[in-house]
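Student: To start, I am sharing the structure in question, which I have written as C-alpha coordinates.
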Amino acid sequence: MNFVSICGATAVLLLAAVQPALAQDDQKPRRTRIALGGQLVPSYPGSDDLSFRPLVDVARARGTDLFQFEAPDESFGFPLIRFQQLTIGPALNFEGSRAAGDVGVDLPKVGFTVEPGVFLQYDLSESVRLRSELRKGLGGHEGWVGNVGADFVARRGDDWLLSAGPRVTFADETYNSAYFSVAPDSASGLPAFSAGGGVQSVGATLGYVQQITKRWGVYSYAKYDRLVGDAADSPVVRIIGSPDQISGGLGLTYTFGAAGS
(Lines give C-alpha, C1' and ligand atoms only; values in the text may rest on other atoms or scores of the structure.)
Protein backbone atom coordinates (compact mmCIF):
# COMPACT_ATOMS: atom_id res chain seq x y z
CA MET A 1 0.00 0.00 0.00
CA ASN A 2 1.58 3.33 -1.04
CA PHE A 3 1.35 6.67 0.75
CA VAL A 4 -1.63 7.88 -1.29
CA SER A 5 -3.59 4.73 -0.57
CA ILE A 6 -2.76 4.84 3.13
CA CYS A 7 -3.96 8.47 3.31
CA GLY A 8 -7.16 7.61 1.48
CA ALA A 9 -7.97 4.63 3.66
CA THR A 10 -7.15 6.59 6.81
CA ALA A 11 -9.42 9.45 5.76
CA VAL A 12 -12.33 7.10 5.11
CA LEU A 13 -12.00 5.45 8.49
CA LEU A 14 -11.59 8.77 10.31
CA LEU A 15 -14.68 10.20 8.66
CA ALA A 16 -16.63 7.10 9.60
CA ALA A 17 -15.47 7.53 13.17
CA VAL A 18 -16.51 11.17 13.48
CA GLN A 19 -19.98 10.80 12.04
CA PRO A 20 -21.56 9.49 15.29
CA ALA A 21 -20.41 12.69 16.97
CA LEU A 22 -22.31 14.68 14.36
CA ALA A 23 -25.55 13.02 15.37
CA GLN A 24 -25.31 12.58 19.12
CA ASP A 25 -28.99 13.38 19.48
CA ASP A 26 -29.89 10.18 17.62
CA GLN A 27 -29.57 7.18 19.90
CA LYS A 28 -30.34 4.49 17.33
CA PRO A 29 -27.61 1.82 17.16
CA ARG A 30 -25.56 1.95 13.99
CA ARG A 31 -24.73 -0.51 11.27
CA THR A 32 -21.45 -0.36 9.38
CA ARG A 33 -20.56 -1.76 5.97
CA ILE A 34 -16.88 -1.92 5.04
CA ALA A 35 -15.68 -2.68 1.50
CA LEU A 36 -12.09 -3.81 0.90
CA GLY A 37 -10.61 -4.74 -2.45
CA GLY A 38 -8.51 -3.41 -5.31
CA GLN A 39 -8.84 -0.97 -8.16
CA LEU A 40 -7.01 0.02 -11.34
CA VAL A 41 -6.69 3.74 -12.03
CA PRO A 42 -4.64 5.89 -14.45
CA SER A 43 -1.07 6.18 -13.17
CA TYR A 44 -1.34 9.98 -13.50
CA PRO A 45 -3.72 12.39 -15.32
CA GLY A 46 -3.37 11.68 -19.05
CA SER A 47 -1.56 8.37 -18.63
CA ASP A 48 -2.25 5.36 -20.84
CA ASP A 49 -1.00 3.04 -18.06
CA LEU A 50 -3.01 1.77 -15.10
CA SER A 51 -1.78 1.39 -11.54
CA PHE A 52 -3.15 -0.81 -8.78
CA ARG A 53 -4.52 0.86 -5.67
CA PRO A 54 -6.34 -0.54 -2.64
CA LEU A 55 -10.10 0.06 -2.59
CA VAL A 56 -11.64 1.10 0.74
CA ASP A 57 -15.21 2.24 1.36
CA VAL A 58 -17.13 2.69 4.62
CA ALA A 59 -20.91 3.21 4.86
CA ARG A 60 -22.94 3.70 8.03
CA ALA A 61 -26.66 3.67 8.82
CA ARG A 62 -28.80 4.09 11.92
CA GLY A 63 -30.88 1.14 13.07
CA THR A 64 -32.71 -0.39 10.12
CA ASP A 65 -32.33 2.69 7.90
CA LEU A 66 -30.91 2.07 4.45
CA PHE A 67 -27.27 2.80 3.74
CA GLN A 68 -27.13 6.22 2.10
CA PHE A 69 -26.04 6.21 -1.53
CA GLU A 70 -22.50 7.41 -2.22
CA ALA A 71 -21.04 7.45 -5.73
CA PRO A 72 -17.83 5.40 -6.01
CA ASP A 73 -15.85 8.35 -7.44
CA GLU A 74 -16.85 11.06 -4.98
CA SER A 75 -14.34 12.50 -2.52
CA PHE A 76 -14.28 11.66 1.17
CA GLY A 77 -16.67 13.89 3.10
CA PHE A 78 -19.56 14.18 5.50
CA PRO A 79 -22.64 16.45 5.70
CA LEU A 80 -22.42 19.61 7.79
CA ILE A 81 -25.52 21.45 6.57
CA ARG A 82 -28.82 19.87 5.53
CA PHE A 83 -31.75 21.88 4.24
CA GLN A 84 -34.53 19.78 2.76
CA GLN A 85 -32.95 18.11 -0.32
CA LEU A 86 -29.74 20.17 -0.15
CA THR A 87 -26.58 18.95 1.61
CA ILE A 88 -23.29 20.83 2.02
CA GLY A 89 -20.08 19.59 3.58
CA PRO A 90 -16.30 19.32 3.36
CA ALA A 91 -14.61 17.21 0.68
CA LEU A 92 -11.13 15.70 0.71
CA ASN A 93 -9.27 14.05 -2.14
CA PHE A 94 -5.69 12.96 -2.84
CA GLU A 95 -3.72 13.02 -6.10
CA GLY A 96 -0.60 10.89 -6.39
CA SER A 97 2.75 12.18 -7.58
CA ARG A 98 4.03 12.03 -11.15
CA ALA A 99 7.75 11.58 -11.74
CA ALA A 100 9.70 11.69 -14.99
CA GLY A 101 10.11 7.93 -14.77
CA ASP A 102 6.34 7.48 -14.74
CA VAL A 103 6.00 9.36 -18.04
CA GLY A 104 9.11 7.99 -19.71
CA VAL A 105 10.52 11.42 -20.67
CA ASP A 106 12.16 14.25 -18.76
CA LEU A 107 9.18 16.26 -17.49
CA PRO A 108 9.02 18.14 -14.17
CA LYS A 109 7.84 16.15 -11.17
CA VAL A 110 4.37 16.87 -9.82
CA GLY A 111 4.35 16.05 -6.13
CA PHE A 112 1.72 14.34 -4.01
CA THR A 113 -1.28 16.65 -3.62
CA VAL A 114 -3.85 16.99 -0.84
CA GLU A 115 -7.10 18.47 -2.18
CA PRO A 116 -9.42 19.85 0.53
CA GLY A 117 -12.62 21.54 -0.56
CA VAL A 118 -16.40 21.58 -0.35
CA PHE A 119 -19.25 19.60 -1.88
CA LEU A 120 -22.82 20.59 -2.65
CA GLN A 121 -25.40 17.86 -3.17
CA TYR A 122 -29.06 18.05 -4.18
CA ASP A 123 -31.50 15.13 -4.23
CA LEU A 124 -34.02 15.70 -6.99
CA SER A 125 -35.79 12.50 -5.95
CA GLU A 126 -35.01 9.13 -4.38
CA SER A 127 -33.61 8.04 -7.75
CA VAL A 128 -31.78 11.15 -8.99
CA ARG A 129 -28.97 13.01 -7.25
CA LEU A 130 -26.88 16.01 -8.35
CA ARG A 131 -23.45 16.68 -6.83
CA SER A 132 -20.63 19.15 -7.35
CA GLU A 133 -17.23 19.50 -5.70
CA LEU A 134 -14.63 22.27 -5.65
CA ARG A 135 -11.15 21.49 -4.27
CA LYS A 136 -7.81 23.31 -3.93
CA GLY A 137 -4.49 21.51 -4.31
CA LEU A 138 -2.04 21.84 -1.42
CA GLY A 139 1.41 20.84 -2.61
CA GLY A 140 1.80 19.09 -5.94
CA HIS A 141 -0.23 20.73 -8.68
CA GLU A 142 -1.37 23.67 -6.44
CA GLY A 143 -4.40 24.28 -8.67
CA TRP A 144 -8.19 24.32 -8.41
CA VAL A 145 -10.21 21.35 -9.66
CA GLY A 146 -13.95 20.74 -9.65
CA ASN A 147 -16.44 18.06 -10.62
CA VAL A 148 -20.11 18.18 -11.57
CA GLY A 149 -22.22 15.05 -11.99
CA ALA A 150 -25.58 13.38 -11.73
CA ASP A 151 -26.45 9.88 -10.57
CA PHE A 152 -29.48 7.78 -11.42
CA VAL A 153 -30.00 5.21 -8.67
CA ALA A 154 -31.99 1.98 -8.65
CA ARG A 155 -32.06 -0.21 -5.55
CA ARG A 156 -33.92 -2.87 -3.63
CA GLY A 157 -33.32 -1.82 -0.07
CA ASP A 158 -29.79 -2.81 0.88
CA ASP A 159 -29.99 -6.04 -1.15
CA TRP A 160 -28.56 -4.35 -4.24
CA LEU A 161 -27.90 -0.88 -5.61
CA LEU A 162 -27.09 0.18 -9.17
CA SER A 163 -26.01 3.73 -10.04
CA ALA A 164 -24.93 5.43 -13.24
CA GLY A 165 -24.41 9.00 -14.34
CA PRO A 166 -22.46 11.59 -16.34
CA ARG A 167 -19.43 13.53 -15.09
CA VAL A 168 -17.70 16.78 -16.08
CA THR A 169 -14.35 17.85 -14.60
CA PHE A 170 -13.01 21.42 -14.61
CA ALA A 171 -9.48 22.54 -13.80
CA ASP A 172 -7.75 25.90 -13.70
CA GLU A 173 -4.60 26.85 -15.59
CA THR A 174 -2.35 26.01 -12.63
CA TYR A 175 -3.64 22.42 -12.44
CA ASN A 176 -3.56 21.81 -16.19
CA SER A 177 -0.15 23.40 -16.59
CA ALA A 178 1.34 21.08 -13.97
CA TYR A 179 0.30 17.95 -15.87
CA PHE A 180 -0.08 18.99 -19.50
CA SER A 181 2.23 21.94 -20.27
CA VAL A 182 5.67 21.48 -21.85
CA ALA A 183 8.22 24.28 -21.41
CA PRO A 184 10.04 25.59 -24.53
CA ASP A 185 13.40 24.57 -22.99
CA SER A 186 12.17 21.13 -21.91
CA ALA A 187 14.59 18.23 -22.27
CA SER A 188 11.67 15.85 -22.87
CA GLY A 189 11.86 16.04 -26.66
CA LEU A 190 8.17 17.02 -26.79
CA PRO A 191 6.99 20.18 -28.56
CA ALA A 192 6.36 23.19 -26.34
CA PHE A 193 2.79 23.55 -25.13
CA SER A 194 1.00 25.88 -22.72
CA ALA A 195 -2.16 24.41 -21.19
CA GLY A 196 -4.94 26.73 -20.05
CA GLY A 197 -7.89 26.11 -17.75
CA GLY A 198 -11.45 25.06 -18.51
CA VAL A 199 -13.30 21.81 -19.00
CA GLN A 200 -10.76 19.02 -18.60
CA SER A 201 -12.81 15.88 -19.17
CA VAL A 202 -16.29 14.44 -19.68
CA GLY A 203 -17.31 10.92 -18.78
CA ALA A 204 -19.52 8.60 -16.77
CA THR A 205 -19.42 6.40 -13.67
CA LEU A 206 -21.19 3.10 -13.01
CA GLY A 207 -21.46 1.51 -9.57
CA TYR A 208 -22.99 -1.72 -8.27
CA VAL A 209 -23.31 -3.10 -4.73
CA GLN A 210 -24.79 -6.56 -4.16
CA GLN A 211 -25.52 -8.15 -0.79
CA ILE A 212 -24.90 -11.91 -0.99
CA THR A 213 -25.55 -12.98 2.60
CA LYS A 214 -26.60 -11.13 5.75
CA ARG A 215 -23.01 -10.02 6.27
CA TRP A 216 -21.12 -10.45 3.00
CA GLY A 217 -21.50 -8.68 -0.32
CA VAL A 218 -19.72 -7.31 -3.39
CA TYR A 219 -18.76 -3.71 -4.21
CA SER A 220 -17.80 -2.74 -7.77
CA TYR A 221 -17.48 0.24 -10.07
CA ALA A 222 -16.27 1.31 -13.51
CA LYS A 223 -15.42 4.83 -14.67
CA TYR A 224 -14.56 6.40 -18.01
CA ASP A 225 -13.34 9.94 -18.68
CA ARG A 226 -12.43 11.49 -22.02
CA LEU A 227 -9.91 14.31 -21.81
CA VAL A 228 -10.95 17.37 -23.83
CA GLY A 229 -9.68 20.89 -24.50
CA ASP A 230 -6.06 21.70 -23.71
CA ALA A 231 -5.62 18.48 -21.73
CA ALA A 232 -6.42 16.40 -24.82
CA ASP A 233 -4.31 18.65 -27.09
CA SER A 234 -1.21 18.39 -24.90
CA PRO A 235 1.72 16.40 -26.40
CA VAL A 236 1.98 14.67 -23.01
CA VAL A 237 -1.37 13.07 -23.88
CA ARG A 238 -1.24 12.95 -27.70
CA ILE A 239 2.25 11.49 -28.02
CA ILE A 240 2.87 9.62 -24.77
CA GLY A 241 -0.43 9.11 -22.97
CA SER A 242 -4.08 8.76 -23.91
CA PRO A 243 -7.22 10.93 -23.73
CA ASP A 244 -9.17 7.83 -22.65
CA GLN A 245 -9.00 7.52 -18.88
CA ILE A 246 -10.42 4.24 -17.57
CA SER A 247 -10.64 2.97 -13.99
CA GLY A 248 -12.50 0.26 -12.11
CA GLY A 249 -12.57 -1.59 -8.82
CA LEU A 250 -13.89 -4.71 -7.13
CA GLY A 251 -14.11 -5.59 -3.44
CA LEU A 252 -15.88 -7.60 -0.77
CA THR A 253 -18.17 -5.93 1.76
CA TYR A 254 -18.77 -6.94 5.37
CA THR A 255 -21.72 -5.57 7.34
CA PHE A 256 -21.90 -5.55 11.13
CA GLY A 257 -23.82 -3.73 13.83
CA ALA A 258 -27.27 -3.75 15.38
CA ALA A 259 -29.39 -4.98 12.47
CA GLY A 260 -26.74 -7.37 11.18
CA SER A 261 -25.49 -8.78 14.48
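Labels used: A, B, ... for chains in the order of the C-alpha coordinates, numbers from 1 for residues in each chain, and numbers from 1 for ligands as shown.
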Residues of stretch 64-235 of chain A in helix (DSSP H, G or I) according to DSSP, as a ChimeraX atom specification?
Tutor: /A:100-103,173-180,229-233,235
Student: Go ahead and save the picked residues with N, CA, C and O atoms, as a PDB file, in the first residue's frame.
Tutor:
```pdb
ATOM      1  N   ALA A 100       9.278  11.843 -13.601  1.00  0.00           N
ATOM      2  CA  ALA A 100       9.703  11.685 -14.993  1.00  0.00           C
ATOM      3  C   ALA A 100       9.720  10.220 -15.397  1.00  0.00           C
ATOM      4  O   ALA A 100       9.388   9.864 -16.530  1.00  0.00           O
ATOM      5  N   GLY A 101      10.084   9.348 -14.464  1.00  0.00           N
ATOM      6  CA  GLY A 101      10.114   7.925 -14.769  1.00  0.00           C
ATOM      7  C   GLY A 101       8.747   7.340 -15.047  1.00  0.00           C
ATOM      8  O   GLY A 101       8.625   6.351 -15.777  1.00  0.00           O
ATOM      9  N   ASP A 102       7.702   7.949 -14.485  1.00  0.00           N
ATOM     10  CA  ASP A 102       6.342   7.480 -14.742  1.00  0.00           C
ATOM     11  C   ASP A 102       5.925   7.780 -16.181  1.00  0.00           C
ATOM     12  O   ASP A 102       5.193   7.016 -16.804  1.00  0.00           O
ATOM     13  N   VAL A 103       6.382   8.928 -16.696  1.00  0.00           N
ATOM     14  CA  VAL A 103       6.004   9.355 -18.040  1.00  0.00           C
ATOM     15  C   VAL A 103       6.898   8.724 -19.093  1.00  0.00           C
ATOM     16  O   VAL A 103       6.458   8.397 -20.201  1.00  0.00           O
ATOM     17  N   GLU A 173      -5.854  26.875 -14.828  1.00  0.00           N
ATOM     18  CA  GLU A 173      -4.597  26.854 -15.590  1.00  0.00           C
ATOM     19  C   GLU A 173      -3.452  26.268 -14.775  1.00  0.00           C
ATOM     20  O   GLU A 173      -2.585  25.574 -15.312  1.00  0.00           O
ATOM     21  N   THR A 174      -3.430  26.517 -13.474  1.00  0.00           N
ATOM     22  CA  THR A 174      -2.351  26.007 -12.631  1.00  0.00           C
ATOM     23  C   THR A 174      -2.352  24.484 -12.614  1.00  0.00           C
ATOM     24  O   THR A 174      -1.297  23.847 -12.736  1.00  0.00           O
ATOM     25  N   TYR A 175      -3.535  23.891 -12.440  1.00  0.00           N
ATOM     26  CA  TYR A 175      -3.641  22.424 -12.437  1.00  0.00           C
ATOM     27  C   TYR A 175      -3.232  21.859 -13.792  1.00  0.00           C
ATOM     28  O   TYR A 175      -2.383  20.954 -13.890  1.00  0.00           O
ATOM     29  N   ASN A 176      -3.837  22.363 -14.865  1.00  0.00           N
ATOM     30  CA  ASN A 176      -3.563  21.811 -16.192  1.00  0.00           C
ATOM     31  C   ASN A 176      -2.112  22.015 -16.619  1.00  0.00           C
ATOM     32  O   ASN A 176      -1.520  21.159 -17.277  1.00  0.00           O
ATOM     33  N   SER A 177      -1.540  23.149 -16.231  1.00  0.00           N
ATOM     34  CA  SER A 177      -0.150  23.404 -16.593  1.00  0.00           C
ATOM     35  C   SER A 177       0.789  22.407 -15.932  1.00  0.00           C
ATOM     36  O   SER A 177       1.766  21.958 -16.539  1.00  0.00           O
ATOM     37  N   ALA A 178       0.478  22.017 -14.684  1.00  0.00           N
ATOM     38  CA  ALA A 178       1.342  21.081 -13.969  1.00  0.00           C
ATOM     39  C   ALA A 178       1.432  19.731 -14.690  1.00  0.00           C
ATOM     40  O   ALA A 178       2.509  19.116 -14.747  1.00  0.00           O
ATOM     41  N   TYR A 179       0.331  19.279 -15.252  1.00  0.00           N
ATOM     42  CA  TYR A 179       0.297  17.954 -15.869  1.00  0.00           C
ATOM     43  C   TYR A 179       0.451  17.966 -17.386  1.00  0.00           C
ATOM     44  O   TYR A 179       0.941  16.989 -17.974  1.00  0.00           O
ATOM     45  N   PHE A 180       0.035  19.045 -18.038  1.00  0.00           N
ATOM     46  CA  PHE A 180      -0.082  18.995 -19.500  1.00  0.00           C
ATOM     47  C   PHE A 180       0.780  19.999 -20.259  1.00  0.00           C
ATOM     48  O   PHE A 180       0.898  19.896 -21.469  1.00  0.00           O
ATOM     49  N   GLY A 229     -10.315  19.586 -24.602  1.00  0.00           N
ATOM     50  CA  GLY A 229      -9.678  20.888 -24.503  1.00  0.00           C
ATOM     51  C   GLY A 229      -8.165  20.780 -24.511  1.00  0.00           C
ATOM     52  O   GLY A 229      -7.563  19.934 -25.182  1.00  0.00           O
ATOM     53  N   ASP A 230      -7.515  21.665 -23.742  1.00  0.00           N
ATOM     54  CA  ASP A 230      -6.057  21.701 -23.715  1.00  0.00           C
ATOM     55  C   ASP A 230      -5.454  20.416 -23.168  1.00  0.00           C
ATOM     56  O   ASP A 230      -4.348  20.035 -23.564  1.00  0.00           O
ATOM     57  N   ALA A 231      -6.149  19.748 -22.262  1.00  0.00           N
ATOM     58  CA  ALA A 231      -5.625  18.481 -21.732  1.00  0.00           C
ATOM     59  C   ALA A 231      -5.473  17.458 -22.854  1.00  0.00           C
ATOM     60  O   ALA A 231      -4.461  16.749 -22.936  1.00  0.00           O
ATOM     61  N   ALA A 232      -6.472  17.364 -23.722  1.00  0.00           N
ATOM     62  CA  ALA A 232      -6.416  16.401 -24.824  1.00  0.00           C
ATOM     63  C   ALA A 232      -5.410  16.823 -25.890  1.00  0.00           C
ATOM     64  O   ALA A 232      -4.808  15.970 -26.563  1.00  0.00           O
ATOM     65  N   ASP A 233      -5.213  18.142 -26.059  1.00  0.00           N
ATOM     66  CA  ASP A 233      -4.307  18.651 -27.088  1.00  0.00           C
ATOM     67  C   ASP A 233      -2.839  18.591 -26.663  1.00  0.00           C
ATOM     68  O   ASP A 233      -1.946  18.734 -27.507  1.00  0.00           O
ATOM     69  N   PRO A 235       0.867  17.484 -25.894  1.00  0.00           N
ATOM     70  CA  PRO A 235       1.716  16.398 -26.395  1.00  0.00           C
ATOM     71  C   PRO A 235       1.979  15.324 -25.345  1.00  0.00           C
ATOM     72  O   PRO A 235       2.291  14.182 -25.697  1.00  0.00           O
TER      73      PRO A 235
END
```
Student: Considering only strand (DSSP E or B) as DSSP defines it on the backbone, what residues of stretch 40-258 of chain A qualify? List them as an MDAnalysis selection string.
Tutor: chainID A and resid 40:42 50:62 76:77 81:83 86:95 98 110 113:123 128:136 138 144:156 160:171 182 193 198:211 216:227 244:257
Student: Pick out the residues sitting within 12 Å of A:Gly157, and hand them over as a list in words; count only C-alpha atoms, and ignore anything fewer than 2 positions along from it in its own chain.
Tutor: Thr64, Asp65, Leu66, Phe67, Gln68, Phe69, Glu126, Val153, Ala154, Arg155, Asp159, Trp160, Leu161, Leu162, Val209, Gln210 and Gln211 of chain A
Student: Excluding A:Pro116 and any residue of its chain fewer than 6 positions from it, enumerate the residues within 6 Å of it, using only C-alpha atoms, and give them as a list of chain:residue names.
Tutor: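 So, after excluding close chain neighbours, the residues are A:Ala91, A:Leu92, A:Arg135, A:Lys136.
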Student: Just give me the gap between atom CA of A:Ser47 and atom CA of A:Leu138 in Å, one decimal is fine.
Tutor: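 These atoms are spaced 21.9 Å apart.
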Student: Using only C-alpha atoms for the distances, tell me which of A:Arg60, A:Thr113, A:Arg30, A:Pro108 is nearest to A:Phe94.
Tutor: A:Thr113
Student: So that I can check the surroundings of A:Asp172, please list as an MDAnalysis selection string every protein, DNA and RNA residue that reaches within 8 Å of it, counting only C-alpha atoms and ignoring chain neighbours fewer than 5 positions away.
Tutor: chainID A and resid 143:145 196:198
Student: Wanna dump the stretch 55-136 of chain A-stretch 200-206 of chain A contacts at 9 Å for me, each residue with its shortest atom pair and the distance in Å to one decimal, counting only C-alpha atoms, ordered by chain and number, as CSV?
Tutor:
```
residue,atom,partner,partner_atom,distance
A:Ala71,CA,A:Thr205,CA,8.2
A:Pro72,CA,A:Thr205,CA,7.9
A:Asp73,CA,A:Thr205,CA,7.4
```
Student: Can I get the selection written as a short mmCIF file (atom, residue, chain, number, x, y, z; two decimals), in the first residue's frame, with N, CA, C and O atoms?
Tutor:
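Everything below was put into out_8.cif:
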```
data_model
loop_
_atom_site.label_atom_id
_atom_site.label_comp_id
_atom_site.auth_asym_id
_atom_site.auth_seq_id
_atom_site.Cartn_x
_atom_site.Cartn_y
_atom_site.Cartn_z
N ALA A 71 -21.64 7.84 -4.45
CA ALA A 71 -21.04 7.45 -5.73
C ALA A 71 -19.61 6.96 -5.49
O ALA A 71 -18.90 7.48 -4.62
N PRO A 72 -19.17 5.96 -6.25
CA PRO A 72 -17.83 5.40 -6.01
C PRO A 72 -16.69 6.35 -6.31
O PRO A 72 -15.57 6.13 -5.84
N ASP A 73 -16.93 7.43 -7.08
CA ASP A 73 -15.85 8.35 -7.44
C ASP A 73 -15.91 9.68 -6.69
O ASP A 73 -15.14 10.58 -6.99
#
```
Student: For A:Gly38, which residue out of A:Val56, A:Ala195, A:Leu50, A:Val105 is the nearest one, using only C-alpha atoms?
Tutor: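 Looking at the shortest contact to A:Gly38, the residue is A:Val56.
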Student: Atom CA of A:Phe83 and atom CA of A:Val148, how far apart in Å?
Tutor: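 Calculated distance between atom CA of A:Val148 and atom CA of A:Phe83 is 20.0 Å.
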Student: Quick one: everything within 8 Å of A:Val128, counting only C-alpha atoms, minus sequence neighbours fewer than 4 positions away in the same chain. Send it as an NGL selection string.
Tutor: :A and (123-124 or 150-153)
Student: Using only C-alpha atoms, which residue out of A:Arg33, A:Arg131, A:Arg238, A:Arg62 lies closest to A:Pro191?
Tutor: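 Checking each of A:Arg33, A:Arg131, A:Arg238, A:Arg62 against A:Pro191, counting only C-alpha atoms, the winner is A:Arg238.
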Student: Hey, which of A:Phe76, A:Trp216, A:Tyr208, A:Tyr44 ends up closest to A:Val58? Count only C-alpha atoms.
Tutor: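 Distance minimum relative to A:Val58 lands on A:Phe76.
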Student: Can you pull out every residue within 8 Å of A:Val236, counting only C-alpha atoms, but drop anything in the same chain fewer than 5 positions away, and send it as a ChimeraX atom specification?
Tutor: /A:46,180-182,190,241
Student: Record the distance separating atom CA of A:Val237 and atom CA of A:Gln39, expressed in Å with one decimal.
Tutor: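 These atoms are spaced 22.4 Å apart.
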Student: Which residue out of A:Leu36, A:Ala59, A:Val114, A:Leu120 has the minimum interatomic distance to A:Leu86 when only C-alpha atoms are used?
Tutor: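 Between A:Leu36, A:Ala59, A:Val114, A:Leu120, the residue approaching A:Leu86 most closely is A:Leu120.
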